[in-house]
file my_file.txt (compact mmCIF, C-alpha atoms)
# COMPACT_ATOMS: atom_id res chain seq x y z
CA MET U 289 -12.11 9.86 -3.57
CA GLU U 290 -9.57 8.60 -1.04
CA LEU U 291 -6.02 8.02 -2.24
CA TYR U 292 -6.16 4.27 -1.56
CA ASP U 293 -9.40 3.96 -3.54
CA ALA U 294 -7.67 5.52 -6.56
CA ILE U 295 -5.57 2.34 -6.82
CA PHE U 296 -8.65 0.42 -7.91
CA TYR U 297 -10.48 3.08 -9.92
CA ARG U 298 -7.73 4.89 -11.81
CA ARG U 299 -7.37 4.10 -15.51
CA THR U 300 -4.91 5.22 -18.17
CA ILE U 301 -6.16 8.22 -20.17
CA ARG U 302 -4.85 8.64 -23.72
CA ASN U 303 -7.26 11.27 -25.06
CA TYR U 304 -7.25 14.70 -23.45
CA SER U 305 -9.20 17.92 -23.74
CA ASN U 306 -7.18 20.88 -25.04
CA LYS U 307 -8.40 22.87 -22.04
CA ASN U 308 -5.66 23.83 -19.59
CA ILE U 309 -6.30 23.00 -15.97
CA ASN U 310 -7.08 26.01 -13.80
CA GLU U 311 -4.42 27.86 -11.81
CA PRO U 312 -5.39 26.68 -8.28
CA LEU U 313 -5.38 23.07 -9.49
CA MET U 314 -2.01 23.50 -11.21
CA LYS U 315 -0.64 24.91 -7.98
CA GLU U 316 -1.80 21.77 -6.18
CA VAL U 317 -0.17 19.56 -8.82
CA LYS U 318 3.14 21.38 -8.34
CA LYS U 319 2.88 20.96 -4.57
CA ILE U 320 2.31 17.23 -4.98
CA CYS U 321 5.29 16.95 -7.31
CA SER U 322 7.53 18.73 -4.80
CA GLU U 323 6.78 16.22 -2.04
CA ILE U 324 7.72 12.89 -3.62
CA THR U 325 9.23 10.06 -1.58
CA TYR U 326 11.21 6.96 -2.55
CA LEU U 327 13.43 4.30 -1.00
CA ASN U 328 17.01 4.93 -2.17
CA GLU U 329 18.08 8.18 -0.50
CA ASP U 330 21.24 8.32 -2.62
CA LEU U 331 19.11 9.12 -5.66
CA LYS U 332 17.76 12.52 -6.66
CA ILE U 333 14.40 12.12 -8.35
CA THR U 334 12.65 15.30 -9.47
CA ALA U 335 9.19 15.71 -10.99
CA HIS U 336 9.19 18.80 -13.25
CA VAL U 337 5.74 20.13 -14.16
CA ILE U 338 5.66 21.30 -17.78
CA GLU U 339 2.58 23.49 -18.19
CA ARG U 340 3.13 24.18 -21.90
CA GLY U 341 2.47 20.75 -23.34
CA HIS U 342 3.33 21.81 -26.89
CA LEU U 343 7.00 21.94 -25.86
CA ILE U 344 6.94 18.22 -25.11
CA HIS U 345 5.05 17.54 -28.35
CA PHE U 346 7.83 19.30 -30.24
CA LEU U 347 10.72 17.62 -28.42
CA MET U 348 9.30 14.08 -28.64
CA GLY U 349 7.97 14.43 -32.16
CA LYS U 350 6.49 11.20 -33.51
CA GLU U 351 7.43 9.45 -30.27
CA CYS U 352 4.83 11.52 -28.42
CA LYS U 353 2.01 9.00 -28.60
CA VAL U 354 -0.27 10.85 -26.20
CA LYS U 355 -1.03 14.56 -26.71
CA ALA U 356 -1.94 16.26 -23.44
CA PRO U 357 -2.06 19.92 -22.38
CA HIS U 358 0.46 19.31 -19.59
CA TYR U 359 3.23 16.87 -18.68
CA ILE U 360 5.49 15.88 -15.82
CA VAL U 361 9.07 15.16 -16.83
CA VAL U 362 10.77 12.90 -14.29
CA SER U 363 14.52 13.23 -13.99
CA CYS U 364 16.93 11.11 -11.96
CA ASN U 365 20.60 10.32 -11.57
CA LYS U 366 21.66 6.70 -12.07
CA GLY U 367 22.05 4.58 -8.95
CA GLU U 368 20.89 1.32 -7.42
CA ASP U 369 17.33 0.51 -8.51
CA TYR U 370 16.82 4.02 -9.87
CA LEU U 371 14.11 2.92 -12.31
CA GLN U 372 12.24 1.02 -9.60
CA ASN U 373 12.49 4.08 -7.36
CA ILE U 374 11.04 6.25 -10.13
CA GLY U 375 8.05 3.92 -10.38
CA PHE U 376 7.63 3.94 -6.60
CA ALA U 377 7.86 7.73 -6.36
CA ILE U 378 5.76 8.76 -9.34
CA GLU U 379 2.92 6.26 -8.95
CA LYS U 380 1.83 8.11 -5.82
CA ILE U 381 1.75 11.36 -7.84
CA VAL U 382 -0.35 9.64 -10.51
CA LEU U 383 -2.84 8.43 -7.90
CA GLN U 384 -2.96 11.83 -6.21
CA LEU U 385 -3.76 13.45 -9.55
CA THR U 386 -6.52 10.89 -10.01
CA THR U 387 -8.15 12.02 -6.74
CA LEU U 388 -8.10 15.57 -8.15
CA GLY U 389 -10.13 14.44 -11.18
CA LEU U 390 -7.21 14.53 -13.62
CA GLY U 391 -6.33 11.94 -16.21
CA THR U 392 -2.78 10.55 -16.40
CA CYS U 393 -0.71 8.35 -18.67
CA TRP U 394 2.80 6.89 -18.20
CA LEU U 395 5.04 7.51 -21.23
CA GLU U 396 8.55 6.38 -22.09
CA CYS U 397 10.95 9.29 -22.29
CA ASP U 398 12.81 10.26 -25.45
CA ILE U 399 14.07 13.64 -24.30
CA LYS U 400 17.68 14.67 -23.77
CA ARG U 401 18.63 16.72 -20.74
CA GLU U 402 19.97 19.60 -22.84
CA ASP U 403 16.61 19.84 -24.61
CA ILE U 404 14.70 20.90 -21.52
CA GLU U 405 17.20 22.85 -19.43
CA GLU U 406 16.10 26.12 -21.05
CA PHE U 407 12.52 25.94 -19.80
CA VAL U 408 12.79 23.92 -16.59
CA TYR U 409 13.71 25.80 -13.43
CA TYR U 410 16.14 24.03 -11.08
CA GLU U 411 16.13 25.29 -7.51
CA ASP U 412 19.20 23.39 -6.35
CA GLU U 413 22.20 24.80 -8.20
CA GLU U 414 24.46 22.23 -6.60
CA ARG U 415 22.85 19.46 -8.65
CA VAL U 416 24.08 20.96 -11.92
CA TYR U 417 21.15 19.49 -13.82
CA GLY U 418 21.30 19.81 -17.61
CA ARG U 419 25.04 20.49 -17.65
CA LEU U 420 28.07 18.29 -17.29
CA HIS U 421 28.97 17.33 -13.76
CA GLU U 422 32.62 18.19 -14.01
CA LYS U 423 35.59 17.11 -11.97
CA LYS U 424 38.88 18.77 -12.68
CA VAL U 425 42.15 16.93 -12.23
CA LEU U 426 45.66 18.18 -12.77
CA CYS U 427 47.60 16.15 -15.33
CA GLU U 428 51.13 16.09 -13.99
CA ASP U 429 52.77 15.28 -17.31
CA GLU U 430 51.23 18.13 -19.33
CA ASN U 431 50.35 20.42 -16.39
CA ILE U 432 46.84 21.06 -17.77
CA GLU U 433 43.34 20.69 -16.39
CA GLU U 434 41.13 17.96 -17.82
CA GLU U 435 37.38 17.74 -17.44
CA ILE U 436 35.96 14.38 -16.47
CA GLU U 437 32.28 13.59 -16.78
CA ASP U 438 30.65 11.50 -14.08
CA GLU U 439 27.58 10.41 -16.02
CA ASP U 440 25.99 8.52 -13.11
CA GLU U 441 25.76 11.73 -11.07
CA ILE U 442 23.89 13.71 -13.72
CA GLU U 443 20.11 13.90 -13.52
CA LYS U 444 18.58 12.93 -16.84
CA PRO U 445 14.98 12.78 -18.06
CA CYS U 446 13.81 9.21 -17.51
CA MET U 447 10.01 9.21 -17.68
CA VAL U 448 7.11 11.41 -18.78
CA ILE U 449 3.61 11.59 -17.34
CA ALA U 450 0.87 13.14 -19.48
CA PHE U 451 -1.91 14.78 -17.49
CA GLY U 452 -4.95 16.99 -17.88
CA TYR U 453 -8.72 16.85 -18.22
CA ALA U 454 -9.91 13.71 -19.98
CA GLU U 455 -11.72 14.09 -23.30
CA LYS U 456 -15.47 13.68 -22.96
CA GLU U 457 -15.57 10.19 -24.46
CA GLU U 458 -12.90 8.97 -22.02
CA LYS U 459 -13.99 7.43 -18.74
CA LEU U 460 -11.76 8.80 -16.01
CA PHE U 461 -12.46 5.95 -13.60
CA GLU U 462 -12.73 2.21 -14.10
CA LEU U 463 -14.58 -0.10 -11.75
CA THR U 464 -12.88 -3.04 -10.11
CA ASP U 465 -13.71 -5.39 -12.98
CA ALA U 466 -10.15 -4.51 -14.03
CA HIS U 467 -9.27 -7.58 -11.95
CA ARG U 468 -10.60 -9.75 -14.76
CA ARG U 469 -7.74 -8.70 -17.02
CA ARG U 470 -5.04 -9.15 -14.37
CA LYS U 471 -3.28 -12.10 -12.83
CA ARG U 472 -4.91 -13.57 -9.75
CA ILE U 473 -3.14 -13.42 -6.40
CA LYS U 474 -2.15 -17.07 -6.59
CA HIS U 475 -0.30 -16.31 -9.83
CA ILE U 476 1.80 -13.49 -8.36
CA SER U 477 2.64 -14.99 -4.96
CA LYS U 478 3.73 -18.21 -3.29
CA LYS U 479 3.08 -19.46 0.25
CA MET U 480 1.69 -16.15 1.42
CA ASP U 481 0.21 -15.76 4.89
CA ARG U 482 -3.50 -14.87 4.81
CA LYS U 483 -2.92 -11.39 6.24
CA TRP U 484 -1.02 -10.41 3.10
CA ILE U 485 -3.83 -11.35 0.72
CA LYS U 486 -5.72 -8.09 1.23
CA VAL U 487 -2.47 -6.19 0.63
CA LEU U 488 -1.76 -8.07 -2.59
CA ASN U 489 -5.21 -7.15 -3.89
CA SER U 490 -3.80 -3.68 -4.52
CA VAL U 491 -0.84 -5.13 -6.43
CA THR U 492 -3.03 -7.09 -8.84
CA VAL U 493 -4.32 -3.82 -10.36
CA ALA U 494 -0.96 -2.06 -10.59
CA PRO U 495 -0.22 -0.79 -14.12
CA SER U 496 2.71 -2.37 -15.95
CA ILE U 497 4.39 -2.29 -19.35
CA LYS U 498 2.32 -4.25 -21.87
CA ASN U 499 0.22 -5.41 -18.88
CA SER U 500 3.05 -7.87 -18.17
CA GLN U 501 2.66 -7.78 -14.36
CA PRO U 502 6.23 -9.04 -13.89
CA TRP U 503 6.18 -9.24 -10.08
CA MET U 504 6.32 -12.32 -7.85
CA PHE U 505 6.09 -12.33 -4.05
CA TYR U 506 7.53 -15.23 -2.03
CA ASN U 507 6.87 -15.65 1.69
CA TYR U 508 10.21 -16.74 3.12
CA LYS U 509 10.48 -17.23 6.91
CA ASN U 510 10.01 -13.75 8.44
CA ARG U 511 10.09 -11.78 5.21
CA ILE U 512 8.66 -11.47 1.71
CA ASP U 513 11.11 -11.61 -1.20
CA VAL U 514 10.04 -9.76 -4.35
CA TYR U 515 11.24 -10.87 -7.79
CA GLU U 516 10.86 -9.59 -11.33
CA GLU U 517 10.20 -12.01 -14.14
CA LYS U 518 12.87 -11.47 -16.79
CA PRO U 519 11.33 -9.09 -19.35
CA LYS U 520 11.27 -9.38 -23.10
CA LYS U 521 13.96 -7.59 -25.05
CA GLY U 522 13.30 -3.88 -25.29
CA LEU U 523 11.08 -3.81 -22.19
CA GLU U 524 13.82 -4.03 -19.56
CA ASP U 525 13.67 -0.44 -18.30
CA MET U 526 9.90 -0.11 -18.22
CA SER U 527 9.60 -3.49 -16.50
CA LYS U 528 11.76 -2.15 -13.66
CA VAL U 529 9.58 0.96 -13.44
CA SER U 530 6.57 -1.37 -13.23
CA MET U 531 8.16 -3.16 -10.28
CA GLY U 532 8.41 0.12 -8.41
CA ILE U 533 4.78 0.91 -9.17
CA ALA U 534 3.69 -2.44 -7.75
CA LEU U 535 5.74 -1.90 -4.60
CA ARG U 536 4.09 1.50 -4.09
CA HIS U 537 0.68 -0.19 -4.24
CA PHE U 538 1.90 -2.75 -1.70
CA ASP U 539 3.22 0.03 0.54
CA MET U 540 -0.01 2.02 0.39
CA ALA U 541 -2.06 -1.06 1.24
CA CYS U 542 0.17 -1.74 4.24
CA LYS U 543 -0.46 1.79 5.50
CA LYS U 544 -4.19 1.32 4.89
CA TYR U 545 -4.26 -1.80 7.08
CA ASP U 546 -1.79 -0.51 9.70
CA ILE U 547 0.95 -2.98 8.82
CA ASP U 548 4.36 -1.47 9.54
CA VAL U 549 6.96 -2.67 7.04
CA GLU U 550 10.51 -1.86 5.96
CA TYR U 551 12.38 -2.63 2.75
CA GLN U 552 15.91 -3.95 2.44
CA LYS U 553 18.16 -6.13 0.33
CA SER U 554 18.67 -9.67 1.63
CA ASP U 555 20.43 -12.90 0.77
CA ALA U 556 17.45 -14.06 -1.28
CA LYS U 557 18.07 -17.22 -3.26
CA LYS U 558 18.32 -17.25 -7.04
CA ARG U 559 15.21 -18.27 -8.93
CA LEU U 560 15.14 -19.48 -12.50
CA GLY U 561 13.87 -16.88 -14.96
CA LYS U 562 13.53 -14.20 -12.28
CA ASN U 563 15.60 -11.30 -10.96
CA TYR U 564 15.62 -10.50 -7.26
CA TYR U 565 14.42 -6.97 -6.47
CA ILE U 566 13.87 -6.36 -2.74
CA SER U 567 12.67 -7.88 0.53
CA ILE U 568 9.84 -6.73 2.78
CA LEU U 569 9.99 -7.17 6.54
CA GLU U 570 7.18 -6.54 8.97
CA LYS U 571 8.17 -4.49 11.98
CA ILE U 572 7.03 -6.12 15.21
call {"tool": "encode", "arguments": {"input": "my_file.txt", "output": "structure tokens"}}
result
Amino acid sequence: MELYDAIFYRRTIRNYSNKNINEPLMKEVKKICSEITYLNEDLKITAHVIERGHLIHFLMGKECKVKAPHYIVVSCNKGEDYLQNIGFAIEKIVLQLTTLGLGTCWLECDIKREDIEEFVYYEDEERVYGRLHEKKVLCEDENIEEEIEDEDEIEKPCMVIAFGYAEKEEKLFELTDAHRRRKRIKHISKKMDRKWIKVLNSVTVAPSIKNSQPWMFYNYKNRIDVYEEKPKKGLEDMSKVSMGIALRHFDMACKKYDIDVEYQKSDAKKRLGKNYYISILEKI
């Protein structure tokens, strides 16, 4: 299966076989997780492969709604649109795992950084993951050193992806009738040029929290402005992740149809009940 096709055939898997995936396949998963890309270069998003799934079961306890043999713990420092960037980065991993015949499921994260530092290997010692990012300043009055925590610079677990072989009764792929349960293009876009319709087809099947599909695309002069419908209370973070997932689908479709685009913030106008996310410009 081609990566683009996985957009339309991938489905969420919640029941997994206890069988561990084989070593060559796990090696490929780790390679995929080491090559993630996202938009905000000031962020540091890392996808940590946790082979021993029981460790995640233990740490998440009752909050671990999906029991899988393996997991990916996604960590990130806080910065502009960090949740959207996580969605953008990790959705490609999810689709790549689908092409390998593996089931996947997005899970909210209830893990503290200190819980996993003992069994996650961090190659970049400069990032100081799992410990306090400390800055020392000299207090002139007392002539002592004081430690100051810069919380926004610390990578923290933000998302978990369950993965493995699907249980026999689970269908790994779903045909395109998934469209029937999703909003139609006219409900997620306004005044779109015809050439963007085939691109938006990929967005209509993007997974989202509670199937909310919070995205709206507005064609405005020479650009497309993307907005998020204000989410219900308690769904704010996952709604932002969903926005990033949708943008990854849009980006992959643009590459499929040889449309060269770039993403930037613009002076987009305010819209009632919606939050501005990003603008898309076609390179000419």
call {"tool": "closest_residue", "arguments": {"input": "my_file.txt", "among": "U:Ile381, U:Val493, U:Leu395, U:Met504", "to": "Met526 (chain U)", "atoms": "all atoms listed in the file"}}
result
U:Leu395
call {"tool": "closest_residue", "arguments": {"input": "my_file.txt", "among": "U:Ile324, U:Ile476, U:Val362, U:Met314", "to": "Arg401 (chain U)", "atoms": "only C-alpha atoms"}}
result
U:Val362
call {"tool": "atom_distance", "arguments": {"input": "my_file.txt", "atom1": "CA of Thr300 (chain U)", "atom2": "CA of Lys459 (chain U)"}}
result
9.4 Å
call {"tool": "atom_distance", "arguments": {"input": "my_file.txt", "atom1": "CA of Asn510 (chain U)", "atom2": "CA of Ala556 (chain U)"}}
result
12.2 Å
call {"tool": "residues_around", "arguments": {"input": "my_file.txt", "residues": "Tyr551 (chain U)", "least_positions_apart": "6", "cutoff": "12 Å", "atoms": "all atoms listed in the file", "output": "PDB file with C-alpha atoms, in the frame of the given file"}}
result
ATOM      1  CA  TYR U 326      11.210   6.960  -2.550  1.00  0.00           C
ATOM      2  CA  LEU U 327      13.430   4.300  -1.000  1.00  0.00           C
ATOM      3  CA  ASN U 328      17.010   4.930  -2.170  1.00  0.00           C
ATOM      4  CA  ARG U 511      10.090 -11.780   5.210  1.00  0.00           C
ATOM      5  CA  ILE U 512       8.660 -11.470   1.710  1.00  0.00           C
ATOM      6  CA  ASP U 513      11.110 -11.610  -1.200  1.00  0.00           C
ATOM      7  CA  VAL U 514      10.040  -9.760  -4.350  1.00  0.00           C
ATOM      8  CA  LEU U 535       5.740  -1.900  -4.600  1.00  0.00           C
ATOM      9  CA  ARG U 536       4.090   1.500  -4.090  1.00  0.00           C
ATOM     10  CA  PHE U 538       1.900  -2.750  -1.700  1.00  0.00           C
ATOM     11  CA  ASP U 539       3.220   0.030   0.540  1.00  0.00           C
ATOM     12  CA  TYR U 565      14.420  -6.970  -6.470  1.00  0.00           C
ATOM     13  CA  ILE U 566      13.870  -6.360  -2.740  1.00  0.00           C
ATOM     14  CA  SER U 567      12.670  -7.880   0.530  1.00  0.00           C
ATOM     15  CA  ILE U 568       9.840  -6.730   2.780  1.00  0.00           C
ATOM     16  CA  LEU U 569       9.990  -7.170   6.540  1.00  0.00           C
ATOM     17  CA  GLU U 570       7.180  -6.540   8.970  1.00  0.00           C
ATOM     18  CA  LYS U 571       8.170  -4.490  11.980  1.00  0.00           C
TER      19      LYS U 571
END
call {"tool": "atom_distance", "arguments": {"input": "my_file.txt", "atom1": "CA of Gly452 (chain U)", "atom2": "CA of Thr392 (chain U)"}}
result
7.0 Å
call {"tool": "closest_residue", "arguments": {"input": "my_file.txt", "among": "U:Ser530, U:Ser477, U:Thr334, U:Ser322", "to": "Asn489 (chain U)", "atoms": "all atoms listed in the file"}}
result
U:Ser477
call {"tool": "closest_residue", "arguments": {"input": "my_file.txt", "among": "U:Lys471, U:Lys400, U:His342, U:Arg299", "to": "Pro357 (chain U)", "atoms": "all atoms listed in the file"}}
result
U:His342
call {"tool": "residues_around", "arguments": {"input": "my_file.txt", "residues": "Ile374 (chain U)", "least_positions_apart": "5", "cutoff": "9 Å", "atoms": "all atoms listed in the file", "output": "ChimeraX atom specification"}}
result
/U:326,333,362-364,369,379,446-447,529,532-533
call {"tool": "residues_around", "arguments": {"input": "my_file.txt", "residues": "Ala450 (chain U)", "least_positions_apart": "6", "cutoff": "7 Å", "atoms": "only C-alpha atoms", "output": "ChimeraX atom specification"}}
result
/U:356,358-360,392-394
call {"tool": "residues_near_point", "arguments": {"input": "my_file.txt", "point": "(6.1, -13.3, -16.2)", "cutoff": "12 Å", "atoms": "only C-alpha atoms", "output": "list of chain:residue names"}}
result
U:Lys471, U:His475, U:Ile476, U:Ser477, U:Ser496, U:Ile497, U:Lys498, U:Asn499, U:Ser500, U:Gln501, U:Pro502, U:Trp503, U:Met504, U:Tyr515, U:Glu516, U:Glu517, U:Lys518, U:Pro519, U:Lys520, U:Ser527, U:Met531, U:Leu560, U:Gly561, U:Lys562, U:Asn563
call {"tool": "write_last_selection", "arguments": {"input": "my_file.txt", "atoms": "C-alpha atoms", "output": "PDB file, in the frame of the given file"}}
result
ATOM      1  CA  LYS U 471      -3.280 -12.100 -12.830  1.00  0.00           C
ATOM      2  CA  HIS U 475      -0.300 -16.310  -9.830  1.00  0.00           C
ATOM      3  CA  ILE U 476       1.800 -13.490  -8.360  1.00  0.00           C
ATOM      4  CA  SER U 477       2.640 -14.990  -4.960  1.00  0.00           C
ATOM      5  CA  SER U 496       2.710  -2.370 -15.950  1.00  0.00           C
ATOM      6  CA  ILE U 497       4.390  -2.290 -19.350  1.00  0.00           C
ATOM      7  CA  LYS U 498       2.320  -4.250 -21.870  1.00  0.00           C
ATOM      8  CA  ASN U 499       0.220  -5.410 -18.880  1.00  0.00           C
ATOM      9  CA  SER U 500       3.050  -7.870 -18.170  1.00  0.00           C
ATOM     10  CA  GLN U 501       2.660  -7.780 -14.360  1.00  0.00           C
ATOM     11  CA  PRO U 502       6.230  -9.040 -13.890  1.00  0.00           C
ATOM     12  CA  TRP U 503       6.180  -9.240 -10.080  1.00  0.00           C
ATOM     13  CA  MET U 504       6.320 -12.320  -7.850  1.00  0.00           C
ATOM     14  CA  TYR U 515      11.240 -10.870  -7.790  1.00  0.00           C
ATOM     15  CA  GLU U 516      10.860  -9.590 -11.330  1.00  0.00           C
ATOM     16  CA  GLU U 517      10.200 -12.010 -14.140  1.00  0.00           C
ATOM     17  CA  LYS U 518      12.870 -11.470 -16.790  1.00  0.00           C
ATOM     18  CA  PRO U 519      11.330  -9.090 -19.350  1.00  0.00           C
ATOM     19  CA  LYS U 520      11.270  -9.380 -23.100  1.00  0.00           C
ATOM     20  CA  SER U 527       9.600  -3.490 -16.500  1.00  0.00           C
ATOM     21  CA  MET U 531       8.160  -3.160 -10.280  1.00  0.00           C
ATOM     22  CA  LEU U 560      15.140 -19.480 -12.500  1.00  0.00           C
ATOM     23  CA  GLY U 561      13.870 -16.880 -14.960  1.00  0.00           C
ATOM     24  CA  LYS U 562      13.530 -14.200 -12.280  1.00  0.00           C
ATOM     25  CA  ASN U 563      15.600 -11.300 -10.960  1.00  0.00           C
TER      26      ASN U 563
END
call {"tool": "residues_near_point", "arguments": {"input": "my_file.txt", "point": "(4.0, 25.5, -20.9)", "cutoff": "10 Å", "atoms": "all atoms listed in the file", "output": "PyMOL selection string"}}
result
chain U and resi 308+337-344+357-359+407-408
call {"tool": "write_last_selection", "arguments": {"input": "my_file.txt", "atoms": "C-alpha atoms", "output": "PDB file, in the frame of the given file"}}
result
ATOM      1  CA  ASN U 308      -5.660  23.830 -19.590  1.00  0.00           C
ATOM      2  CA  VAL U 337       5.740  20.130 -14.160  1.00  0.00           C
ATOM      3  CA  ILE U 338       5.660  21.300 -17.780  1.00  0.00           C
ATOM      4  CA  GLU U 339       2.580  23.490 -18.190  1.00  0.00           C
ATOM      5  CA  ARG U 340       3.130  24.180 -21.900  1.00  0.00           C
ATOM      6  CA  GLY U 341       2.470  20.750 -23.340  1.00  0.00           C
ATOM      7  CA  HIS U 342       3.330  21.810 -26.890  1.00  0.00           C
ATOM      8  CA  LEU U 343       7.000  21.940 -25.860  1.00  0.00           C
ATOM      9  CA  ILE U 344       6.940  18.220 -25.110  1.00  0.00           C
ATOM     10  CA  PRO U 357      -2.060  19.920 -22.380  1.00  0.00           C
ATOM     11  CA  HIS U 358       0.460  19.310 -19.590  1.00  0.00           C
ATOM     12  CA  TYR U 359       3.230  16.870 -18.680  1.00  0.00           C
ATOM     13  CA  PHE U 407      12.520  25.940 -19.800  1.00  0.00           C
ATOM     14  CA  VAL U 408      12.790  23.920 -16.590  1.00  0.00           C
TER      15      VAL U 408
END
call {"tool": "residues_around", "arguments": {"input": "my_file.txt", "residues": "Glu455 (chain U)", "least_positions_apart": "6", "cutoff": "8 Å", "atoms": "all atoms listed in the file", "output": "list in words"}}
result
Asn303, Tyr304 and Ser305 of chain U
call {"tool": "decode", "arguments": {"input": "my_file.txt", "residues": "region 492-499 of chain U", "atoms": "all heavy atoms", "output": "PDB file, in the first residue's frame"}}
result
ATOM      1  N   THR U 492     -11.105  15.178   4.687  1.00  0.00           N
ATOM      2  CA  THR U 492     -12.412  14.718   5.174  1.00  0.00           C
ATOM      3  C   THR U 492     -12.318  13.413   5.957  1.00  0.00           C
ATOM      4  O   THR U 492     -13.201  13.112   6.766  1.00  0.00           O
ATOM      5  CB  THR U 492     -13.416  14.529   4.009  1.00  0.00           C
ATOM      6  OG1 THR U 492     -12.901  13.540   3.103  1.00  0.00           O
ATOM      7  CG2 THR U 492     -13.647  15.829   3.268  1.00  0.00           C
ATOM      8  N   VAL U 493     -11.254  12.627   5.730  1.00  0.00           N
ATOM      9  CA  VAL U 493     -11.121  11.343   6.438  1.00  0.00           C
ATOM     10  C   VAL U 493     -10.080  11.402   7.548  1.00  0.00           C
ATOM     11  O   VAL U 493      -9.718  10.377   8.134  1.00  0.00           O
ATOM     12  CB  VAL U 493     -10.769  10.194   5.468  1.00  0.00           C
ATOM     13  CG1 VAL U 493     -11.932   9.942   4.523  1.00  0.00           C
ATOM     14  CG2 VAL U 493      -9.495  10.497   4.689  1.00  0.00           C
ATOM     15  N   ALA U 494      -9.586  12.595   7.862  1.00  0.00           N
ATOM     16  CA  ALA U 494      -8.594  12.724   8.931  1.00  0.00           C
ATOM     17  C   ALA U 494      -9.230  12.389  10.276  1.00  0.00           C
ATOM     18  O   ALA U 494     -10.344  12.836  10.569  1.00  0.00           O
ATOM     19  CB  ALA U 494      -8.025  14.143   8.957  1.00  0.00           C
ATOM     20  N   PRO U 495      -8.547  11.613  11.121  1.00  0.00           N
ATOM     21  CA  PRO U 495      -9.104  11.309  12.447  1.00  0.00           C
ATOM     22  C   PRO U 495      -9.093  12.543  13.338  1.00  0.00           C
ATOM     23  O   PRO U 495      -8.231  13.418  13.204  1.00  0.00           O
ATOM     24  CB  PRO U 495      -8.146  10.240  12.990  1.00  0.00           C
ATOM     25  CG  PRO U 495      -6.866  10.469  12.259  1.00  0.00           C
ATOM     26  CD  PRO U 495      -7.241  10.970  10.902  1.00  0.00           C
ATOM     27  N   SER U 496     -10.062  12.616  14.245  1.00  0.00           N
ATOM     28  CA  SER U 496     -10.149  13.760  15.156  1.00  0.00           C
ATOM     29  C   SER U 496     -10.809  13.330  16.452  1.00  0.00           C
ATOM     30  O   SER U 496     -11.516  12.325  16.501  1.00  0.00           O
ATOM     31  CB  SER U 496     -10.951  14.900  14.517  1.00  0.00           C
ATOM     32  OG  SER U 496     -12.265  14.476  14.180  1.00  0.00           O
ATOM     33  N   ILE U 497     -10.598  14.089  17.510  1.00  0.00           N
ATOM     34  CA  ILE U 497     -11.166  13.785  18.814  1.00  0.00           C
ATOM     35  C   ILE U 497     -12.690  13.777  18.742  1.00  0.00           C
ATOM     36  O   ILE U 497     -13.311  14.717  18.242  1.00  0.00           O
ATOM     37  CB  ILE U 497     -10.671  14.791  19.891  1.00  0.00           C
ATOM     38  CG1 ILE U 497     -11.227  14.443  21.264  1.00  0.00           C
ATOM     39  CG2 ILE U 497     -10.989  16.223  19.507  1.00  0.00           C
ATOM     40  CD1 ILE U 497     -10.715  13.165  21.845  1.00  0.00           C
ATOM     41  N   LYS U 498     -13.284  12.693  19.191  1.00  0.00           N
ATOM     42  CA  LYS U 498     -14.739  12.522  19.180  1.00  0.00           C
ATOM     43  C   LYS U 498     -15.332  12.715  17.777  1.00  0.00           C
ATOM     44  O   LYS U 498     -16.500  13.091  17.634  1.00  0.00           O
ATOM     45  CB  LYS U 498     -15.403  13.515  20.141  1.00  0.00           C
ATOM     46  CG  LYS U 498     -14.946  13.422  21.583  1.00  0.00           C
ATOM     47  CD  LYS U 498     -15.393  12.155  22.259  1.00  0.00           C
ATOM     48  CE  LYS U 498     -15.042  12.155  23.737  1.00  0.00           C
ATOM     49  NZ  LYS U 498     -15.433  10.904  24.422  1.00  0.00           N
ATOM     50  N   ASN U 499     -14.504  12.471  16.748  1.00  0.00           N
ATOM     51  CA  ASN U 499     -14.926  12.676  15.355  1.00  0.00           C
ATOM     52  C   ASN U 499     -15.493  14.086  15.144  1.00  0.00           C
ATOM     53  O   ASN U 499     -16.421  14.294  14.365  1.00  0.00           O
ATOM     54  CB  ASN U 499     -15.972  11.633  14.941  1.00  0.00           C
ATOM     55  CG  ASN U 499     -16.079  11.502  13.421  1.00  0.00           C
ATOM     56  OD1 ASN U 499     -15.122  11.726  12.699  1.00  0.00           O
ATOM     57  ND2 ASN U 499     -17.264  11.134  12.962  1.00  0.00           N
TER      58      ASN U 499
END
